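Here is the structure we will look at.
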Amino acid sequence: ESTHGMLRLSLAIDLSLGPFTPGIGVKLLRDGMPSANFVAMNNVDGQESGNFFETDFSNHIPKPTSIPQKILGNKFARTSSPPELTGLSDIATYHRNGKKVGSGDKGSAREEEAFEETETKIVFPFELIVKPNEQLRRQYAKADPTNEALDAALTSIPEGTIMYTLYGRSEPKDKDLILIGTLQLTSRLIYSKFSDNGLFFRHQRIEEDLKIHPEWIDAIKDKLQNNGGSSLR
């Protein structure tokens, strides 16, 4: 069963100020309440090529190594600590009709089936892995890291294209990934100006996930310590 939403493909840093740093934001609408959002990228240090589909993305990324990117990391730290990790629990907390999971008001038939075995438990993975369409990865392998090349590439992708396949790592030590679904275009992409000036994609704090799964704290303890600790108590 499909869920409609908005897919943003963007660069974390304006190309006039830094390297090519691709990432995505996804917004899923819910009735009568704020939307569900998640963001993913590979790293904030960037890449040499302009191939937007060169690498896998995740909601967990490595710490930046260069000075400008460390400054960007400090900006991300305003929304989450450590800034390299963002949460996923909000997406799993409510059905598309705005009813809270476990409230007794179910969502669609498929949503009911998905949560039947877990009863009232909110289920979400420790990590989300976003794998690009291999055909797109190969097609744009030689793309230049310029705004003009990015505009030409993204706006040429036809409606109906499966852009990404989503996988989940249920627990921090899991090596096997679980297939979640795909992101498929239902319209052509529209190129817009840089930065969030009118449409915002929420970066959920990792602390919200850790309150539900405190056993995950040990897996990211080094990141928490390097960022002066977490607000989770």
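By convention in this document, the chains of the structure tokens carry letters A, B, ... by their order, each chain's residues are numbered from 1, and ligands are numbered from 1 in the order they are shown.
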Nearby residues (only C-alpha atoms) at most 10 Å from Thr161 of chain A, same-chain spacing under 5 positions excluded, as a list in words
Asn133, Leu136, Leu183, Gln184, Leu185, Thr186, Ser187 and Arg188 of chain A
DSSP says helix (DSSP H, G or I) for which residues of segment 6-228 of chain A? Put them as a PyMOL selection string?
chain A and resi 67-76+89-93+109-116+134-139+147-155+206-212+214-226
For segment 189-203 of chain A, list every protein, DNA or RNA residue within 12 Å, evaluated using only C-alpha atoms, and leave out those in the same chain fewer than 6 positions away; present the list as a PyMOL selection string.
chain A and resi 5-16+24-29+34-40+59+75-81+83-91+147-161+163
What is the atom CA of Leu179 of chain A to atom CA of Leu166 of chain A distance in Å?
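Between atom CA of Leu179 of chain A and atom CA of Leu166 of chain A the gap works out to 6.3 Å.
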Could you tell me, as a PyMOL selection string, which residues of segment 5-170 of chain A DSSP assigns to strand (DSSP E or B) when given the backbone?
chain A and resi 5-11+20+22-30+33-41+47+57-58+60+85-86+94+100+127-132+162-169
Atom CA of Lys63 of chain A and atom CA of Asp222 of chain A, how far apart in Å?
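Calculated distance between atom CA of Asp222 of chain A and atom CA of Lys63 of chain A is 11.3 Å.
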Coordinates-based distance that separates atom CA of Asn97 of chain A from atom CA of Ser170 of chain A (Å, one decimal):
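Distance between the two atoms: 25.3 Å.
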Which of A:Thr21, A:Asn43, A:Glu207, A:Asn51 sits closest to Thr65 of chain A [using only C-alpha atoms]:
A:Asn43
